[in-house]
>>> print(open('input-v8.txt').read())   # compact mmCIF, C-alpha atoms
# COMPACT_ATOMS: atom_id res chain seq x y z
CA MET A 1 23.50 9.35 -38.76
CA PRO A 2 24.23 9.76 -42.48
CA THR A 3 21.57 11.56 -44.50
CA SER A 4 21.15 8.47 -46.68
CA ASP A 5 19.85 6.54 -43.69
CA PRO A 6 16.15 6.63 -42.77
CA SER A 7 15.25 9.64 -40.67
CA THR A 8 11.71 8.67 -39.62
CA ILE A 9 9.73 5.46 -39.32
CA HIS A 10 7.98 6.40 -42.56
CA ASP A 11 11.28 5.79 -44.37
CA LEU A 12 11.66 2.24 -43.07
CA PRO A 13 10.83 -0.81 -45.16
CA THR A 14 8.37 -2.98 -43.26
CA PRO A 15 7.97 -5.16 -41.36
CA ALA A 16 10.69 -3.66 -39.16
CA LEU A 17 11.71 -3.85 -35.53
CA VAL A 18 11.64 -0.49 -33.75
CA VAL A 19 12.92 0.14 -30.23
CA GLU A 20 11.61 3.17 -28.35
CA ARG A 21 14.78 4.66 -26.89
CA SER A 22 13.26 6.25 -23.77
CA VAL A 23 11.54 3.01 -22.75
CA PHE A 24 14.67 0.96 -23.39
CA GLU A 25 16.78 3.32 -21.26
CA ALA A 26 14.19 3.22 -18.46
CA ASN A 27 14.27 -0.59 -18.51
CA LEU A 28 18.05 -0.57 -18.14
CA ALA A 29 17.89 1.87 -15.25
CA ALA A 30 15.24 -0.20 -13.46
CA MET A 31 17.36 -3.34 -13.71
CA ASP A 32 20.58 -1.57 -12.70
CA ALA A 33 18.88 -0.34 -9.52
CA VAL A 34 18.42 -3.97 -8.42
CA LEU A 35 21.27 -5.84 -10.12
CA PRO A 36 24.24 -3.54 -10.77
CA GLY A 37 27.47 -4.59 -12.46
CA PRO A 38 28.42 -8.27 -12.09
CA ARG A 39 25.17 -9.17 -10.29
CA LEU A 40 23.62 -9.28 -13.77
CA ARG A 41 24.88 -11.51 -16.57
CA PRO A 42 22.72 -10.27 -19.49
CA HIS A 43 21.46 -13.03 -21.76
CA VAL A 44 22.12 -12.02 -25.35
CA LYS A 45 19.71 -14.64 -26.74
CA ALA A 46 16.89 -12.16 -26.08
CA PHE A 47 18.22 -9.42 -28.35
CA LYS A 48 21.00 -11.03 -30.45
CA SER A 49 22.81 -7.75 -31.07
CA THR A 50 26.37 -6.83 -30.15
CA ALA A 51 25.45 -3.15 -30.42
CA LEU A 52 22.85 -3.56 -27.68
CA ALA A 53 25.28 -5.69 -25.67
CA ALA A 54 27.89 -2.93 -25.89
CA ARG A 55 25.35 -0.54 -24.39
CA LEU A 56 24.94 -2.90 -21.42
CA ALA A 57 28.70 -3.26 -21.07
CA ALA A 58 28.94 0.52 -20.82
CA ASP A 59 26.72 0.25 -17.74
CA GLY A 60 29.15 -2.18 -16.11
CA HIS A 61 27.62 -5.49 -17.20
CA THR A 62 30.71 -7.00 -18.80
CA SER A 63 29.88 -10.69 -18.34
CA PHE A 64 27.32 -12.14 -20.74
CA CYS A 65 25.25 -15.26 -21.18
CA CYS A 66 24.87 -16.87 -24.60
CA ALA A 67 22.61 -19.61 -25.94
CA THR A 68 24.51 -20.64 -29.08
CA PRO A 69 28.14 -20.98 -30.19
CA LYS A 70 27.36 -18.36 -32.87
CA GLU A 71 26.45 -15.85 -30.16
CA VAL A 72 29.72 -16.52 -28.35
CA GLU A 73 31.74 -16.12 -31.53
CA GLY A 74 29.97 -12.87 -32.38
CA MET A 75 30.55 -11.42 -28.94
CA VAL A 76 34.26 -12.26 -29.13
CA ALA A 77 34.52 -10.66 -32.57
CA ALA A 78 32.89 -7.52 -31.17
CA GLY A 79 35.45 -7.27 -28.35
CA LEU A 80 32.94 -8.30 -25.67
CA GLY A 81 34.71 -11.44 -24.51
CA ASP A 82 35.68 -10.56 -20.94
CA ASP A 83 33.46 -13.30 -19.49
CA LEU A 84 31.16 -15.30 -21.77
CA LEU A 85 29.01 -18.23 -20.65
CA LEU A 86 27.50 -20.67 -23.12
CA ALA A 87 24.52 -21.55 -20.93
CA ASN A 88 23.56 -24.48 -23.12
CA GLU A 89 24.84 -27.98 -23.59
CA SER A 90 26.60 -28.37 -26.93
CA LEU A 91 28.85 -30.89 -28.64
CA ASP A 92 30.00 -28.19 -31.06
CA VAL A 93 32.39 -26.43 -28.67
CA ALA A 94 35.77 -26.95 -30.36
CA ARG A 95 35.05 -23.76 -32.32
CA LEU A 96 34.91 -21.97 -28.96
CA GLY A 97 38.02 -23.66 -27.62
CA ALA A 98 39.83 -22.17 -30.61
CA LEU A 99 38.99 -18.73 -29.19
CA ALA A 100 40.36 -19.45 -25.71
CA ASP A 101 43.36 -17.15 -26.15
CA ARG A 102 41.13 -14.24 -27.22
CA ALA A 103 38.32 -14.44 -24.67
CA ASN A 104 37.27 -15.98 -21.37
CA ILE A 105 34.71 -18.60 -22.34
CA THR A 106 32.87 -20.89 -19.94
CA VAL A 107 30.60 -23.72 -21.08
CA ALA A 108 27.76 -25.44 -19.22
CA VAL A 109 27.99 -29.23 -18.96
CA ASP A 110 25.55 -31.73 -17.47
CA SER A 111 26.87 -35.15 -18.50
CA ASP A 112 30.03 -37.09 -19.17
CA VAL A 113 29.45 -36.71 -22.90
CA THR A 114 29.16 -32.91 -22.85
CA LEU A 115 32.09 -32.72 -20.46
CA ASP A 116 34.18 -34.91 -22.78
CA ALA A 117 33.28 -32.58 -25.68
CA ALA A 118 34.49 -29.60 -23.64
CA ILE A 119 37.75 -31.36 -22.75
CA ALA A 120 38.42 -32.47 -26.32
CA GLY A 121 37.44 -29.06 -27.67
CA GLY A 122 39.95 -27.08 -25.63
CA ILE A 123 37.44 -25.42 -23.31
CA ARG A 124 39.19 -24.13 -20.21
CA SER A 125 36.35 -23.54 -17.76
CA VAL A 126 32.90 -24.98 -17.10
CA LEU A 127 29.84 -24.60 -14.94
CA ILE A 128 28.00 -27.73 -13.86
CA ASP A 129 24.42 -27.37 -15.09
CA VAL A 130 21.94 -28.71 -12.54
CA GLU A 131 18.29 -29.60 -13.16
CA VAL A 132 16.19 -27.58 -10.70
CA GLY A 133 12.65 -28.35 -11.87
CA LEU A 134 12.56 -27.26 -15.50
CA PRO A 135 12.29 -30.38 -17.70
CA ARG A 136 15.17 -29.42 -19.91
CA CYS A 137 18.95 -29.66 -19.44
CA GLY A 138 20.80 -30.20 -16.18
CA CYS A 139 22.21 -33.13 -14.26
CA ASP A 140 20.73 -34.63 -11.12
CA PRO A 141 21.90 -32.46 -8.20
CA ALA A 142 23.44 -35.54 -6.61
CA ASP A 143 25.69 -36.08 -9.66
CA ALA A 144 27.03 -32.52 -9.83
CA GLY A 145 29.98 -33.14 -7.49
CA ARG A 146 31.16 -36.16 -9.47
CA LEU A 147 31.12 -34.22 -12.75
CA ALA A 148 33.05 -31.40 -11.13
CA GLU A 149 35.73 -33.82 -9.90
CA ARG A 150 36.06 -35.28 -13.42
CA ALA A 151 36.37 -31.81 -14.92
CA ARG A 152 39.06 -30.74 -12.46
CA ALA A 153 40.96 -33.99 -12.97
CA ALA A 154 41.07 -33.13 -16.68
CA GLY A 155 42.55 -29.72 -15.91
CA LEU A 156 39.44 -27.60 -16.37
CA ASP A 157 38.52 -24.73 -14.09
CA VAL A 158 35.15 -25.52 -12.49
CA ARG A 159 33.75 -22.10 -11.70
CA GLY A 160 30.59 -23.31 -9.98
CA VAL A 161 27.05 -24.28 -10.91
CA MET A 162 24.13 -23.08 -12.96
CA GLY A 163 20.44 -23.92 -12.78
CA TYR A 164 17.57 -22.27 -14.61
CA GLU A 165 14.14 -22.08 -12.96
CA GLY A 166 12.49 -21.25 -16.28
CA HIS A 167 9.31 -23.11 -15.32
CA LEU A 168 8.67 -20.39 -12.72
CA MET A 169 9.13 -17.26 -14.83
CA MET A 170 5.43 -16.80 -15.57
CA VAL A 171 3.97 -17.68 -12.16
CA LEU A 172 1.65 -14.71 -11.57
CA ASP A 173 1.25 -14.81 -7.79
CA ARG A 174 4.38 -13.26 -6.31
CA ASP A 175 4.23 -15.13 -2.97
CA GLU A 176 3.74 -18.45 -4.74
CA LYS A 177 6.61 -17.66 -7.10
CA GLU A 178 8.94 -16.77 -4.23
CA ARG A 179 8.19 -20.07 -2.44
CA LYS A 180 8.77 -22.10 -5.58
CA VAL A 181 11.97 -20.26 -6.47
CA GLU A 182 13.33 -20.93 -2.98
CA ARG A 183 12.51 -24.63 -3.33
CA SER A 184 14.14 -24.76 -6.75
CA MET A 185 17.24 -22.87 -5.69
CA SER A 186 17.71 -25.06 -2.61
CA LEU A 187 18.63 -27.83 -5.06
CA LEU A 188 21.15 -25.58 -6.77
CA VAL A 189 22.72 -24.33 -3.54
CA ALA A 190 23.12 -27.92 -2.31
CA ALA A 191 24.81 -28.87 -5.57
CA ALA A 192 27.05 -25.80 -5.31
CA ALA A 193 28.32 -27.06 -1.96
CA ASP A 194 29.40 -30.30 -3.63
CA VAL A 195 30.85 -28.65 -6.73
CA GLY A 196 32.74 -25.72 -5.25
CA GLY A 197 33.67 -22.55 -7.11
CA ASP A 198 32.28 -19.10 -6.56
CA VAL A 199 29.54 -18.89 -9.22
CA ILE A 200 25.88 -19.77 -8.75
CA SER A 201 24.23 -18.72 -12.00
CA GLY A 202 20.54 -18.76 -12.85
CA GLY A 203 17.37 -16.73 -12.85
CA GLY A 204 15.86 -14.57 -15.55
CA THR A 205 13.67 -11.56 -16.17
CA GLY A 206 10.69 -13.18 -14.44
CA THR A 207 12.57 -13.88 -11.18
CA PHE A 208 15.26 -11.21 -11.29
CA ASP A 209 14.39 -9.63 -7.93
CA LEU A 210 13.23 -12.78 -6.13
CA ASN A 211 16.16 -15.06 -6.81
CA THR A 212 18.56 -14.01 -4.08
CA TRP A 213 20.40 -17.35 -4.01
CA CYS A 214 22.25 -16.94 -7.29
CA THR A 215 25.41 -14.84 -7.40
CA GLU A 216 24.43 -13.68 -10.90
CA ILE A 217 21.13 -13.46 -12.77
CA GLN A 218 20.80 -14.40 -16.45
CA ALA A 219 18.18 -11.87 -17.57
CA GLY A 220 17.87 -10.50 -21.09
CA SER A 221 14.24 -10.01 -22.08
CA TYR A 222 13.87 -7.06 -19.68
CA THR A 223 15.77 -4.85 -22.13
CA LEU A 224 13.01 -4.94 -24.77
CA LEU A 225 10.19 -6.89 -23.07
CA ASP A 226 7.08 -8.48 -24.61
CA THR A 227 3.41 -8.81 -23.78
CA ASP A 228 3.93 -12.12 -21.96
CA TYR A 229 6.38 -10.65 -19.45
CA ALA A 230 4.30 -7.47 -19.26
CA LYS A 231 1.58 -9.49 -17.51
CA LEU A 232 3.80 -9.90 -14.45
CA GLY A 233 3.80 -6.29 -13.26
CA LEU A 234 7.58 -5.99 -13.51
CA PRO A 235 9.27 -2.56 -13.44
CA PHE A 236 9.89 -2.82 -17.19
CA GLU A 237 7.81 -1.74 -20.18
CA ILE A 238 7.59 -2.88 -23.78
CA ALA A 239 10.26 -1.09 -25.80
CA LEU A 240 10.15 -3.28 -28.92
CA ASN A 241 7.47 -3.05 -31.59
CA VAL A 242 7.07 -4.57 -35.04
CA LEU A 243 6.38 -1.68 -37.37
CA SER A 244 4.01 -2.57 -40.21
CA THR A 245 2.41 -0.84 -43.18
CA VAL A 246 -1.30 -0.95 -43.93
CA VAL A 247 -1.65 -2.53 -47.39
CA SER A 248 -5.44 -2.90 -47.58
CA VAL A 249 -8.53 -1.32 -46.01
CA SER A 250 -11.86 -3.12 -46.12
CA PRO A 251 -15.19 -1.26 -45.89
CA LYS A 252 -16.38 -4.26 -43.89
CA GLY A 253 -14.39 -2.98 -40.93
CA TRP A 254 -10.86 -4.31 -40.99
CA ILE A 255 -7.41 -3.28 -42.16
CA VAL A 256 -4.54 -5.50 -43.32
CA ALA A 257 -0.87 -4.78 -42.60
CA ASP A 258 2.30 -6.45 -43.83
CA ALA A 259 3.59 -8.09 -40.62
CA GLY A 260 2.66 -11.75 -40.42
CA LEU A 261 3.86 -15.05 -39.01
CA LYS A 262 7.24 -14.70 -40.74
CA SER A 263 8.06 -11.51 -38.81
CA MET A 264 6.77 -12.47 -35.37
CA GLY A 265 7.50 -15.11 -32.72
CA MET A 266 4.10 -16.78 -32.24
CA ASP A 267 4.77 -19.49 -29.64
CA HIS A 268 3.28 -17.29 -26.89
CA GLY A 269 0.29 -16.23 -28.97
CA ASN A 270 -0.78 -13.36 -31.17
CA PRO A 271 0.83 -9.93 -30.95
CA SER A 272 -1.12 -7.07 -29.44
CA TRP A 273 -2.14 -3.78 -31.00
CA GLU A 274 -3.01 -0.69 -28.97
CA GLY A 275 -5.28 0.55 -31.78
CA GLY A 276 -7.70 -2.37 -31.60
CA ASP A 277 -7.84 -6.14 -31.99
CA VAL A 278 -5.57 -8.56 -33.81
CA PHE A 279 -8.02 -10.70 -35.81
CA ILE A 280 -6.01 -13.03 -38.06
CA MET A 281 -2.28 -13.73 -38.45
CA SER A 282 -1.23 -15.04 -41.88
CA ASP A 283 2.19 -15.69 -43.40
CA GLU A 284 2.79 -12.12 -44.59
CA HIS A 285 -0.35 -10.37 -43.33
CA VAL A 286 -2.06 -9.39 -40.12
CA THR A 287 -5.76 -8.49 -40.14
CA LEU A 288 -6.62 -5.81 -37.58
CA VAL A 289 -9.96 -4.54 -36.36
CA PRO A 290 -9.63 -0.88 -35.31
CA GLY A 291 -11.15 0.31 -32.05
CA ASP A 292 -13.67 3.10 -31.56
CA GLU A 293 -10.95 5.74 -31.13
CA ARG A 294 -10.17 5.64 -34.84
CA PRO A 295 -13.02 4.39 -37.09
CA ILE A 296 -12.35 2.38 -40.22
CA GLY A 297 -13.08 5.34 -42.49
CA SER A 298 -10.02 7.19 -41.19
CA TRP A 299 -7.56 4.47 -42.23
CA SER A 300 -5.65 4.57 -45.51
CA VAL A 301 -3.25 2.31 -47.36
CA GLY A 302 0.26 3.40 -46.36
CA ASP A 303 -0.55 4.14 -42.72
CA ARG A 304 1.86 2.66 -40.17
CA VAL A 305 0.95 0.53 -37.15
CA ARG A 306 3.09 -0.82 -34.30
CA LEU A 307 2.48 -4.35 -33.00
CA GLN A 308 3.72 -5.68 -29.67
CA SER A 309 5.15 -9.20 -29.74
CA ALA A 310 4.18 -11.85 -27.21
CA HIS A 311 7.72 -13.33 -27.22
CA VAL A 312 10.66 -11.07 -27.82
CA ASP A 313 13.46 -13.62 -28.41
CA PRO A 314 12.17 -15.41 -31.55
CA THR A 315 10.71 -12.17 -32.88
CA VAL A 316 14.11 -10.46 -32.86
CA ALA A 317 15.73 -13.52 -34.44
CA LYS A 318 13.52 -13.13 -37.53
CA HIS A 319 14.95 -9.69 -38.38
CA GLU A 320 18.29 -8.35 -39.59
CA GLN A 321 18.26 -5.15 -37.54
CA MET A 322 16.48 -3.08 -34.94
CA TRP A 323 15.84 0.61 -35.48
CA VAL A 324 16.11 2.80 -32.39
CA VAL A 325 13.48 5.52 -32.43
CA ASP A 326 12.48 8.61 -30.51
CA GLY A 327 8.79 8.76 -31.34
CA ASP A 328 8.71 8.72 -35.13
CA ASP A 329 12.35 9.78 -35.51
CA VAL A 330 14.98 7.12 -36.25
CA VAL A 331 18.09 7.75 -34.14
CA ASP A 332 20.16 4.58 -34.50
CA ARG A 333 20.37 1.12 -36.05
CA TRP A 334 21.39 -2.04 -34.20
CA PRO A 335 22.29 -4.99 -36.44
CA VAL A 336 20.87 -8.30 -35.22
CA ASP A 337 24.24 -9.88 -35.87
CA LEU A 338 24.05 -12.86 -33.47
CA ARG A 339 21.38 -14.82 -35.31
CA HIS A 340 21.74 -18.47 -36.36
CA TRP A 341 23.96 -21.11 -34.80
>>> encode(input="input-v8.txt", output="C-alpha cells")
Amino acid sequence: MPTSDPSTIHDLPTPALVVERSVFEANLAAMDAVLPGPRLRPHVKAFKSTALAARLAADGHTSFCCATPKEVEGMVAAGLGDDLLLANESLDVARLGALADRANITVAVDSDVTLDAAIAGGIRSVLIDVEVGLPRCGCDPADAGRLAERARAAGLDVRGVMGYEGHLMMVLDRDEKERKVERSMSLLVAAAADVGGDVISGGGTGTFDLNTWCTEIQAGSYTLLDTDYAKLGLPFEIALNVLSTVVSVSPKGWIVADAGLKSMGMDHGNPSWEGGDVFIMSDEHVTLVPGDERPIGSWSVGDRVRLQSAHVDPTVAKHEQMWVVDGDDVVDRWPVDLRHW
C-alpha cells in the first residue's frame, strides 16, 4: 500500500470500520467447507463492497445475490456479472434490463405487476418469489405456477423459485429451527414442482447448514458477522468492528468515544464492547463504562476502542470504506461502493 495511506489504526479517522483479516479468512474457510462454489450465492447486501465480493469470487463463488438495483449495477461495473440475482421485488428494473448484454441478471417477481415491470424493462430471466412464512415479499405457493407460465409466455427464462425463511434465522434451539425450516421449505419445494427450472434459492447465514432443500444458499453476513448472529453458535466469528476514538474521560467512571447512532446499525440493539459496558448511545457519541481489567484512571483522550455491531448490514451501509487490519496494522482498504439504491 502507498506510504501516504494509513499504516496503523492510529492513523485512521474515526469512526471507521475495521475488518480483522485472520477472522474474515477463517469465516470464509468455514463456509466453503459446507457450501463450496455454486452451492453458495453470497448476498452482497451484507457488505456492499465489490472488493470483498471479488475475494469471494476468487474462492469460486461467482453467482451473487443483490438487494437493490444499485448493487446489481455496481457488480456489473466491477466485472462480477456472471450470475446476479436481484432478490427483491422492484419496479425500477429497466435500468437492469439495459445491462442484459453485459451481464446475466435475474430478477425475483411475486405478482403480475412486478412481472410486467420485468417484461417491459427488458429483463431476460426471473425467479418466482414464494412466501414461505416470513411476512414480507413472495406470492402464495399455489400461484407460483401461474406466474411462471405467464413469464414463459412472454419469452422470459424462468430459472426456478426463491423463498426466504428469514423469520427462522434467529431461532436459538437447533432442533426447533431444523423442524421449522423443513416446514417452510416444503412450501418452496412444492412451488418449485409447479414452476419448473433448476434453481431453488433461499436460506441465509442463520440456516446455512440446515437448509438442505435449496440448491443455493443466500448468505452474506457470515463474512463479517455481528453480535446478533454470534448468539447462535455458528462456526463464524465477528470480524468487523467500529473503531472509535476516546474524546472525553470522566472522573465519575465513564469514557466517551466518537462512534454514535450515525455510525452504527441500531435496529438489533446496542453494540458490544469487550472492555466493559455500553452505557449510552447518542448521535455522535457512545458512553462506555470500563471493566475492572482497565480502571478509569488508565484511560486517556485519544485512546482507541473497537465496538462490535449488533447488525452488520446497516452498519456497513453507513460508511464509505472498510479497513482490513492485521492487529493494529492496516493492510488493505475496501470501498463500500454498493451503498444507496
>>> atom_distance(input="input-v8.txt", atom1="CA of Leu86 in chain A", atom2="CA of Gly265 in chain A")
22.9 Å
>>> residues_around(input="input-v8.txt", residues="Gly37 in chain A", least_positions_apart="6", cutoff="9 Å", atoms="all atoms listed in the file", output="count of residues only")
6
>>> residues_around(input="input-v8.txt", residues="range 147-154 of chain A", least_positions_apart="5", cutoff="9 Å", atoms="all atoms listed in the file", output="short mmCIF file (atom, residue, chain, number, x, y, z; two decimals) with C-alpha atoms, in the coordinates of the input")
data_model
loop_
_atom_site.label_atom_id
_atom_site.label_comp_id
_atom_site.auth_asym_id
_atom_site.auth_seq_id
_atom_site.Cartn_x
_atom_site.Cartn_y
_atom_site.Cartn_z
CA VAL A 109 27.99 -29.23 -18.96
CA ASP A 110 25.55 -31.73 -17.47
CA SER A 111 26.87 -35.15 -18.50
CA ASP A 112 30.03 -37.09 -19.17
CA LEU A 115 32.09 -32.72 -20.46
CA ASP A 116 34.18 -34.91 -22.78
CA ILE A 119 37.75 -31.36 -22.75
CA SER A 125 36.35 -23.54 -17.76
CA VAL A 126 32.90 -24.98 -17.10
CA LEU A 127 29.84 -24.60 -14.94
CA ILE A 128 28.00 -27.73 -13.86
CA GLY A 160 30.59 -23.31 -9.98
CA ASP A 194 29.40 -30.30 -3.63
CA VAL A 195 30.85 -28.65 -6.73
CA GLY A 196 32.74 -25.72 -5.25
#
>>> residues_around(input="input-v8.txt", residues="Val199 in chain A", least_positions_apart="4", cutoff="12 Å", atoms="all atoms listed in the file", output="ChimeraX atom specification")
/A:38-39,41,85,106,125-129,157-163,188-189,191-193,195,213-217
>>> residues_around(input="input-v8.txt", residues="Leu243 in chain A", least_positions_apart="2", cutoff="6 Å", atoms="all atoms listed in the file", output="ChimeraX atom specification")
/A:15-16,305-306
>>> residues_around(input="input-v8.txt", residues="Glu237 in chain A", least_positions_apart="5", cutoff="7 Å", atoms="only C-alpha atoms", output="PyMOL selection string")
chain A and resi 23+27+225+230
>>> closest_residue(input="input-v8.txt", among="A:Gly203, A:Gly145, A:Pro6, A:Gly133", to="Asp328 in chain A", atoms="all atoms listed in the file")
A:Pro6
>>> closest_atom_pairs(input="input-v8.txt", of="range 239-276 of chain A", to="range 313-324 of chain A", cutoff="10 Å", atoms="only C-alpha atoms", output="JSON lines")
{"residue": "A:Ala239", "atom": "CA", "partner": "A:Val324", "partner_atom": "CA", "distance": 9.6}
{"residue": "A:Leu240", "atom": "CA", "partner": "A:Met322", "partner_atom": "CA", "distance": 8.7}
{"residue": "A:Asn241", "atom": "CA", "partner": "A:Met322", "partner_atom": "CA", "distance": 9.6}
{"residue": "A:Val242", "atom": "CA", "partner": "A:Thr315", "partner_atom": "CA", "distance": 8.7}
{"residue": "A:Leu243", "atom": "CA", "partner": "A:Trp323", "partner_atom": "CA", "distance": 9.9}
{"residue": "A:Leu261", "atom": "CA", "partner": "A:Thr315", "partner_atom": "CA", "distance": 9.6}
{"residue": "A:Lys262", "atom": "CA", "partner": "A:Lys318", "partner_atom": "CA", "distance": 7.2}
{"residue": "A:Ser263", "atom": "CA", "partner": "A:Lys318", "partner_atom": "CA", "distance": 5.8}
{"residue": "A:Met264", "atom": "CA", "partner": "A:Thr315", "partner_atom": "CA", "distance": 4.7}
{"residue": "A:Gly265", "atom": "CA", "partner": "A:Thr315", "partner_atom": "CA", "distance": 4.4}
{"residue": "A:Met266", "atom": "CA", "partner": "A:Thr315", "partner_atom": "CA", "distance": 8.1}
{"residue": "A:Asp267", "atom": "CA", "partner": "A:Pro314", "partner_atom": "CA", "distance": 8.7}
>>> atom_distance(input="input-v8.txt", atom1="CA of Ile200 in chain A", atom2="CA of His311 in chain A")
26.7 Å
>>> residues_near_point(input="input-v8.txt", point="(25.5, -10.9, -36.5)", cutoff="10 Å", atoms="all atoms listed in the file", output="PyMOL selection string")
chain A and resi 48-51+70-71+73-75+77-78+320-321+335-340
>>> closest_residue(input="input-v8.txt", among="A:Pro36, A:Phe24, A:Val247, A:Glu182", to="Tyr222 in chain A", atoms="only C-alpha atoms")
A:Phe24
>>> atom_distance(input="input-v8.txt", atom1="CA of Asp292 in chain A", atom2="CA of Ser244 in chain A")
20.5 Å
>>> axis_aligned_box(input="input-v8.txt", around="range 239-247 of chain A", padding_each_side="8 Å", output="lines of an AutoDock Vina configuration file")
center_x = 4.3
center_y = -2.7
center_z = -36.6
size_x = 27.9
size_y = 19.7
size_z = 37.6
